[in-house]
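Enquirer: Before I ask anything, let me first share the structure, which is written out below as structure tokens.
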Amino acid sequence: MRGMTRRGLAGFLGLLGVAGLGLAGCARTAPIYNVSHADFVGSAPLAVRSEQIRRAGAGLGWIMEDEAPGVIRGTLNLRTHQAVVQITYTPTDFSLRYVDSTNLNYDGAMIHRNYNGWIQRLEQHIIAQSAV
């Protein structure tokens with residue numbers, strides 16, 4: 001950096017700062033987490049599984065709506081954020097798949113890291129409900 005003018009040094013440091021901010025923004029996103037064929041505890045009729053999923057989601061603040069037999073749409077609204085997932089299930093397993101979101105920086109593969117935590121908690125609560 002010897003021989004660099006003050007203006008040049010200030011510009012260089014400013015560029016480093018902008019690059020650092022860009023990297024910090026990336027740290028807030030992660031690859032989207034979907035659940036594929038997670039096992040329930042034991043086996044139960046489809047109607048029982050539906051109730052277990054609905055209870056698990058409602059306990060975490062999710063709005064659960066039946067779409068078809070074996071399919072529930074879950075919506076979570078937190079402050080200005082919204083996450084929408086499709087939950088497909090059989091008597092023995094279930095899957096959670098991303099459908100849509102608002103204010104979660106989804107870019108087709110990456111999403112705000114908090115989304116993954118919400119989905120992992122929903123997955124854990126569904127499994128716990130199946131053991132009740």
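To be explicit about the labels: the chains of the structure tokens are called A, B, and onward in the order shown, and within each one the residues are counted from 1, while ligands get numbers from 1 in the order they are shown.
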Which polymer residues have any atom within 9 Å of an atom of stretch 28-36 of chain A, counting only C-alpha atoms, with same-chain residues fewer than 4 positions away left out, as number ranges by chain?
Expert: A: 24, 93-98, 104-106, 108-117, 119-120, 123
Enquirer: Work out how far atom CA of A:Ser50 is from atom CA of A:Gln124, in Å to one decimal.
Expert: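 Separation between atom CA of A:Gln124 and atom CA of A:Ser50: 15.5 Å.
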Enquirer: Run DSSP on the backbone of this structure and report the residues of stretch 21-131 of chain A it assigns to helix (DSSP H, G or I), as a PyMOL selection string.
Expert: chain A and resi 21-26+46-59+113-130
Enquirer: Would you save the residues of that selection, restricted to N, CA and C atoms, as an mmCIF file, in the first residue's frame?
Expert:
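Okay, again-v2.cif is ready:
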data_model
loop_
_atom_site.group_PDB
_atom_site.id
_atom_site.type_symbol
_atom_site.label_atom_id
_atom_site.label_comp_id
_atom_site.auth_asym_id
_atom_site.auth_seq_id
_atom_site.Cartn_x
_atom_site.Cartn_y
_atom_site.Cartn_z
ATOM 1 N N LEU A 21 -19.839 -6.206 4.047
ATOM 2 C CA LEU A 21 -21.282 -6.171 4.242
ATOM 3 C C LEU A 21 -21.966 -7.221 3.381
ATOM 4 N N GLY A 22 -21.477 -7.394 2.171
ATOM 5 C CA GLY A 22 -22.059 -8.405 1.286
ATOM 6 C C GLY A 22 -21.912 -9.801 1.865
ATOM 7 N N LEU A 23 -20.749 -10.084 2.442
ATOM 8 C CA LEU A 23 -20.534 -11.388 3.059
ATOM 9 C C LEU A 23 -21.389 -11.560 4.302
ATOM 10 N N ALA A 24 -21.558 -10.496 5.072
ATOM 11 C CA ALA A 24 -22.398 -10.580 6.268
ATOM 12 C C ALA A 24 -23.835 -10.880 5.869
ATOM 13 N N GLY A 25 -24.308 -10.315 4.758
ATOM 14 C CA GLY A 25 -25.661 -10.585 4.286
ATOM 15 C C GLY A 25 -25.832 -12.042 3.900
ATOM 16 N N CYS A 26 -24.798 -12.638 3.338
ATOM 17 C CA CYS A 26 -24.863 -14.043 2.935
ATOM 18 C C CYS A 26 -24.970 -14.961 4.141
ATOM 19 N N LEU A 46 -54.964 -42.167 8.733
ATOM 20 C CA LEU A 46 -54.706 -40.852 8.146
ATOM 21 C C LEU A 46 -55.385 -39.737 8.940
ATOM 22 N N ALA A 47 -56.612 -39.963 9.403
ATOM 23 C CA ALA A 47 -57.329 -38.931 10.158
ATOM 24 C C ALA A 47 -56.610 -38.585 11.460
ATOM 25 N N VAL A 48 -56.024 -39.576 12.098
ATOM 26 C CA VAL A 48 -55.269 -39.341 13.333
ATOM 27 C C VAL A 48 -54.002 -38.554 13.016
ATOM 28 N N ARG A 49 -53.328 -38.920 11.928
ATOM 29 C CA ARG A 49 -52.107 -38.198 11.530
ATOM 30 C C ARG A 49 -52.425 -36.732 11.240
ATOM 31 N N SER A 50 -53.542 -36.483 10.584
ATOM 32 C CA SER A 50 -53.953 -35.107 10.288
ATOM 33 C C SER A 50 -54.092 -34.307 11.579
ATOM 34 N N GLU A 51 -54.758 -34.863 12.567
ATOM 35 C CA GLU A 51 -54.941 -34.173 13.850
ATOM 36 C C GLU A 51 -53.613 -33.946 14.557
ATOM 37 N N GLN A 52 -52.718 -34.921 14.497
ATOM 38 C CA GLN A 52 -51.409 -34.768 15.135
ATOM 39 C C GLN A 52 -50.619 -33.633 14.487
ATOM 40 N N ILE A 53 -50.642 -33.570 13.173
ATOM 41 C CA ILE A 53 -49.928 -32.515 12.446
ATOM 42 C C ILE A 53 -50.541 -31.160 12.766
ATOM 43 N N ARG A 54 -51.857 -31.084 12.769
ATOM 44 C CA ARG A 54 -52.549 -29.826 13.060
ATOM 45 C C ARG A 54 -52.225 -29.338 14.483
ATOM 46 N N ARG A 55 -52.228 -30.248 15.456
ATOM 47 C CA ARG A 55 -51.906 -29.881 16.839
ATOM 48 C C ARG A 55 -50.463 -29.399 16.962
ATOM 49 N N ALA A 56 -49.555 -30.123 16.314
ATOM 50 C CA ALA A 56 -48.139 -29.738 16.370
ATOM 51 C C ALA A 56 -47.937 -28.345 15.793
ATOM 52 N N GLY A 57 -48.532 -28.096 14.637
ATOM 53 C CA GLY A 57 -48.380 -26.790 13.998
ATOM 54 C C GLY A 57 -49.029 -25.679 14.801
ATOM 55 N N ALA A 58 -50.255 -25.907 15.270
ATOM 56 C CA ALA A 58 -50.978 -24.886 16.030
ATOM 57 C C ALA A 58 -50.210 -24.508 17.296
ATOM 58 N N GLY A 59 -49.577 -25.479 17.924
ATOM 59 C CA GLY A 59 -48.797 -25.210 19.123
ATOM 60 C C GLY A 59 -47.602 -24.309 18.879
ATOM 61 N N ARG A 113 -31.953 -17.942 7.329
ATOM 62 C CA ARG A 113 -31.663 -19.120 8.160
ATOM 63 C C ARG A 113 -32.734 -19.399 9.215
ATOM 64 N N ASN A 114 -33.491 -18.394 9.639
ATOM 65 C CA ASN A 114 -34.546 -18.631 10.626
ATOM 66 C C ASN A 114 -35.611 -19.586 10.091
ATOM 67 N N TYR A 115 -35.859 -19.550 8.778
ATOM 68 C CA TYR A 115 -36.854 -20.444 8.180
ATOM 69 C C TYR A 115 -36.532 -21.900 8.513
ATOM 70 N N ASN A 116 -35.268 -22.270 8.358
ATOM 71 C CA ASN A 116 -34.877 -23.655 8.605
ATOM 72 C C ASN A 116 -35.149 -24.058 10.056
ATOM 73 N N GLY A 117 -34.923 -23.155 10.982
ATOM 74 C CA GLY A 117 -35.217 -23.439 12.380
ATOM 75 C C GLY A 117 -36.707 -23.665 12.603
ATOM 76 N N TRP A 118 -37.535 -22.855 11.952
ATOM 77 C CA TRP A 118 -38.991 -23.016 12.080
ATOM 78 C C TRP A 118 -39.421 -24.384 11.556
ATOM 79 N N ILE A 119 -38.843 -24.792 10.418
ATOM 80 C CA ILE A 119 -39.211 -26.078 9.818
ATOM 81 C C ILE A 119 -38.705 -27.241 10.681
ATOM 82 N N GLN A 120 -37.505 -27.118 11.202
ATOM 83 C CA GLN A 120 -36.973 -28.182 12.057
ATOM 84 C C GLN A 120 -37.806 -28.333 13.331
ATOM 85 N N ARG A 121 -38.243 -27.212 13.921
ATOM 86 C CA ARG A 121 -39.106 -27.293 15.107
ATOM 87 C C ARG A 121 -40.448 -27.923 14.761
ATOM 88 N N LEU A 122 -41.015 -27.548 13.601
ATOM 89 C CA LEU A 122 -42.277 -28.153 13.180
ATOM 90 C C LEU A 122 -42.106 -29.657 12.996
ATOM 91 N N GLU A 123 -41.047 -30.068 12.357
ATOM 92 C CA GLU A 123 -40.759 -31.485 12.161
ATOM 93 C C GLU A 123 -40.673 -32.204 13.512
ATOM 94 N N GLN A 124 -39.931 -31.651 14.455
ATOM 95 C CA GLN A 124 -39.776 -32.278 15.772
ATOM 96 C C GLN A 124 -41.117 -32.367 16.508
ATOM 97 N N HIS A 125 -41.928 -31.318 16.416
ATOM 98 C CA HIS A 125 -43.216 -31.330 17.107
ATOM 99 C C HIS A 125 -44.197 -32.325 16.480
ATOM 100 N N ILE A 126 -44.138 -32.467 15.174
ATOM 101 C CA ILE A 126 -45.004 -33.467 14.518
ATOM 102 C C ILE A 126 -44.616 -34.862 14.994
ATOM 103 N N ILE A 127 -43.324 -35.150 15.038
ATOM 104 C CA ILE A 127 -42.875 -36.467 15.502
ATOM 105 C C ILE A 127 -43.288 -36.678 16.960
ATOM 106 N N ALA A 128 -43.122 -35.646 17.789
ATOM 107 C CA ALA A 128 -43.511 -35.764 19.192
ATOM 108 C C ALA A 128 -45.003 -36.019 19.343
ATOM 109 N N GLN A 129 -45.822 -35.358 18.531
ATOM 110 C CA GLN A 129 -47.267 -35.569 18.598
ATOM 111 C C GLN A 129 -47.638 -36.994 18.214
ATOM 112 N N SER A 130 -46.880 -37.590 17.310
ATOM 113 C CA SER A 130 -47.199 -38.948 16.878
ATOM 114 C C SER A 130 -46.899 -39.976 17.975
#
Enquirer: Find the residue from A:Thr88, A:Ser101, A:Gln82, A:Ser43 that sits nearest to A:Ala68; use only C-alpha atoms when measuring.
Expert: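 When distances to A:Ala68 are compared using only C-alpha atoms, the smallest one comes from A:Thr88.
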Enquirer: Between atom CA of A:Leu76 and atom CA of A:Thr90, what is the distance in Å, rounded to a tenth?
Expert: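 Taking atom CA of A:Leu76 and atom CA of A:Thr90, their separation equals 22.7 Å.
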Enquirer: Using DSSP on the backbone, list every residue of stretch 24-116 of chain A that comes out as strand (DSSP E), and give them as a ChimeraX atom specification.
Expert: /A:29-31,35-39,63-68,71-78,81-89,93-102,110-112
